[in-house]
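Below: the structure, in structure tokens.
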Amino acid sequence: MFYWALVLAYAGFIFYLSSQPYLGVPSEIILLDPMQLSLHLSEYLPLGFLLARAVSKTKNLTLNNSFFLPLFMGVGYGLTDELHQFFVPGRTASIFDAGADTLGVALGVIFWMGWRRWQRDKVSFKKRSAKL
């Protein structure tokens, strides 16, 4: 439950940021703008990480869900966030932003999976070392 509370808190933070009329970022659409891409990645990578962690800590969800379920949840949230921004004065909705959000979520999920594997290998190494 704690892990899902973190997801909800972070999603609320994203919603709050998206509700602001202007955050100093140009509203015109610039394709492949590195600043816009980095903002979306830094906003949605943690969401992907938190979602993957929450899914992995939830009973009755198989390991097969550990990549696709948090990915779909994060992408769905990103799409609704873009729709929300369409109605906020001074903000725009963009399919390119949604793509950057998707990339951020995917990287966050991959980062979680790598971190979890590293933790598991580290514990396994300590157990093997202790036997020597």
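Chain labels follow the order of the structure tokens: the first chain is A, the next B, and so on; residue numbering restarts at 1 in every chain, and ligands are counted from 1 in their shown order.
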Each region 14-95 of chain A residue no farther than 12 Å from region 2-7 of chain A, nearest pair in Å, only C-alpha atoms, as JSON lines:
```
{"residue": "A:Ile14", "atom": "CA", "partner": "A:Val7", "partner_atom": "CA", "distance": 10.6}
{"residue": "A:Tyr44", "atom": "CA", "partner": "A:Val7", "partner_atom": "CA", "distance": 11.4}
{"residue": "A:Pro46", "atom": "CA", "partner": "A:Val7", "partner_atom": "CA", "distance": 9.3}
{"residue": "A:Leu47", "atom": "CA", "partner": "A:Val7", "partner_atom": "CA", "distance": 6.9}
{"residue": "A:Gly48", "atom": "CA", "partner": "A:Val7", "partner_atom": "CA", "distance": 9.2}
{"residue": "A:Phe49", "atom": "CA", "partner": "A:Val7", "partner_atom": "CA", "distance": 9.2}
{"residue": "A:Leu50", "atom": "CA", "partner": "A:Val7", "partner_atom": "CA", "distance": 5.7}
{"residue": "A:Leu51", "atom": "CA", "partner": "A:Val7", "partner_atom": "CA", "distance": 6.2}
{"residue": "A:Ala52", "atom": "CA", "partner": "A:Val7", "partner_atom": "CA", "distance": 9.7}
{"residue": "A:Arg53", "atom": "CA", "partner": "A:Tyr3", "partner_atom": "CA", "distance": 7.1}
{"residue": "A:Ala54", "atom": "CA", "partner": "A:Tyr3", "partner_atom": "CA", "distance": 4.9}
{"residue": "A:Val55", "atom": "CA", "partner": "A:Trp4", "partner_atom": "CA", "distance": 8.4}
{"residue": "A:Ser56", "atom": "CA", "partner": "A:Tyr3", "partner_atom": "CA", "distance": 9.7}
{"residue": "A:Lys57", "atom": "CA", "partner": "A:Tyr3", "partner_atom": "CA", "distance": 7.6}
{"residue": "A:Thr58", "atom": "CA", "partner": "A:Tyr3", "partner_atom": "CA", "distance": 8.8}
{"residue": "A:Pro70", "atom": "CA", "partner": "A:Val7", "partner_atom": "CA", "distance": 10.7}
{"residue": "A:Met73", "atom": "CA", "partner": "A:Val7", "partner_atom": "CA", "distance": 10.8}
{"residue": "A:Gly74", "atom": "CA", "partner": "A:Val7", "partner_atom": "CA", "distance": 10.1}
{"residue": "A:Tyr77", "atom": "CA", "partner": "A:Val7", "partner_atom": "CA", "distance": 11.2}
```
Distance criterion (only C-alpha atoms): nearest to Leu79 (chain A) out of A:Phe96, A:Phe67, A:Tyr10, A:Tyr22: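 That would be A:Phe96, the residue with the smallest distance to Leu79 (chain A).
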For Pro21 (chain A), please output as a list of chain:residue names all residues within 8 Å (counting only C-alpha atoms; exclusion window: fewer than 6 positions along the same chain). A:Val88, A:Pro89, A:Gly90, A:Arg91
With N, CA and C atoms kept, could you save the residues just selected as a PDB file, in the first residue's frame?
```
ATOM      1  N   VAL A  88      -5.821  23.731 -20.009  1.00  0.00           N
ATOM      2  CA  VAL A  88      -5.180  24.688 -19.100  1.00  0.00           C
ATOM      3  C   VAL A  88      -4.709  25.889 -19.914  1.00  0.00           C
ATOM      4  N   PRO A  89      -5.142  27.105 -19.544  1.00  0.00           N
ATOM      5  CA  PRO A  89      -4.710  28.296 -20.286  1.00  0.00           C
ATOM      6  C   PRO A  89      -3.184  28.417 -20.304  1.00  0.00           C
ATOM      7  N   GLY A  90      -2.649  28.708 -21.482  1.00  0.00           N
ATOM      8  CA  GLY A  90      -1.208  28.871 -21.620  1.00  0.00           C
ATOM      9  C   GLY A  90      -0.452  27.573 -21.816  1.00  0.00           C
ATOM     10  N   ARG A  91      -1.145  26.445 -21.794  1.00  0.00           N
ATOM     11  CA  ARG A  91      -0.499  25.140 -21.988  1.00  0.00           C
ATOM     12  C   ARG A  91      -1.002  24.531 -23.288  1.00  0.00           C
TER      13      ARG A  91
END
```
If we count only C-alpha atoms and set the cut-off at 9 Å, which residues sit around Leu103 (chain A), ignoring sequence neighbours fewer than 5 positions away in its own chain? Please answer as a list in words. His40, Leu41, Tyr44, Leu45, Val75, Ala98 and Gly108 of chain A
Put those residues in a file: C-alpha atoms, as a compact mmCIF listing (two decimals), in the first residue's frame.
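Written out: again-v5.txt:
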```txt
# COMPACT_ATOMS: atom_id res chain seq x y z
CA HIS A 40 9.51 15.21 -19.90
CA LEU A 41 12.05 12.45 -19.27
CA TYR A 44 8.10 10.67 -16.17
CA LEU A 45 11.17 8.50 -15.45
CA VAL A 75 1.57 5.81 -20.70
CA ALA A 98 3.22 12.17 -24.98
CA GLY A 108 11.96 4.35 -15.39
```
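For the choices A:Asp101, A:Thr80, A:Ser66, A:Leu71, the atom-to-atom distance to Met113 (chain A) is smallest for A:Ser66 when using only C-alpha atoms.
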Separation of CA of Leu17 (chain A) and CA of Met1 (chain A), in Å?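 Interatomic distance here is 24.6 Å.
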Write down as a PyMOL selection string the residues of chain A whose backbone DSSP state falls under alpha helix (DSSP H). chain A and resi 2-19+34-56+65-86+95-131
Which residue is closest to Met35 (chain A)? Choose from A:Gln119, A:Ala106, A:Gly78, A:Ala100 and count only C-alpha atoms.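 When distances to Met35 (chain A) are compared using only C-alpha atoms, the smallest one comes from A:Ala100.
Atom pair CA of Ile110 (chain A) / CA of Ala11 (chain A) has a distance of 18.9 Å (rounded to one decimal).
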What does the distance from CA of Ser38 (chain A) to CA of Asp97 (chain A) come to in Å, to one decimal?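 It comes out at 10.6 Å.
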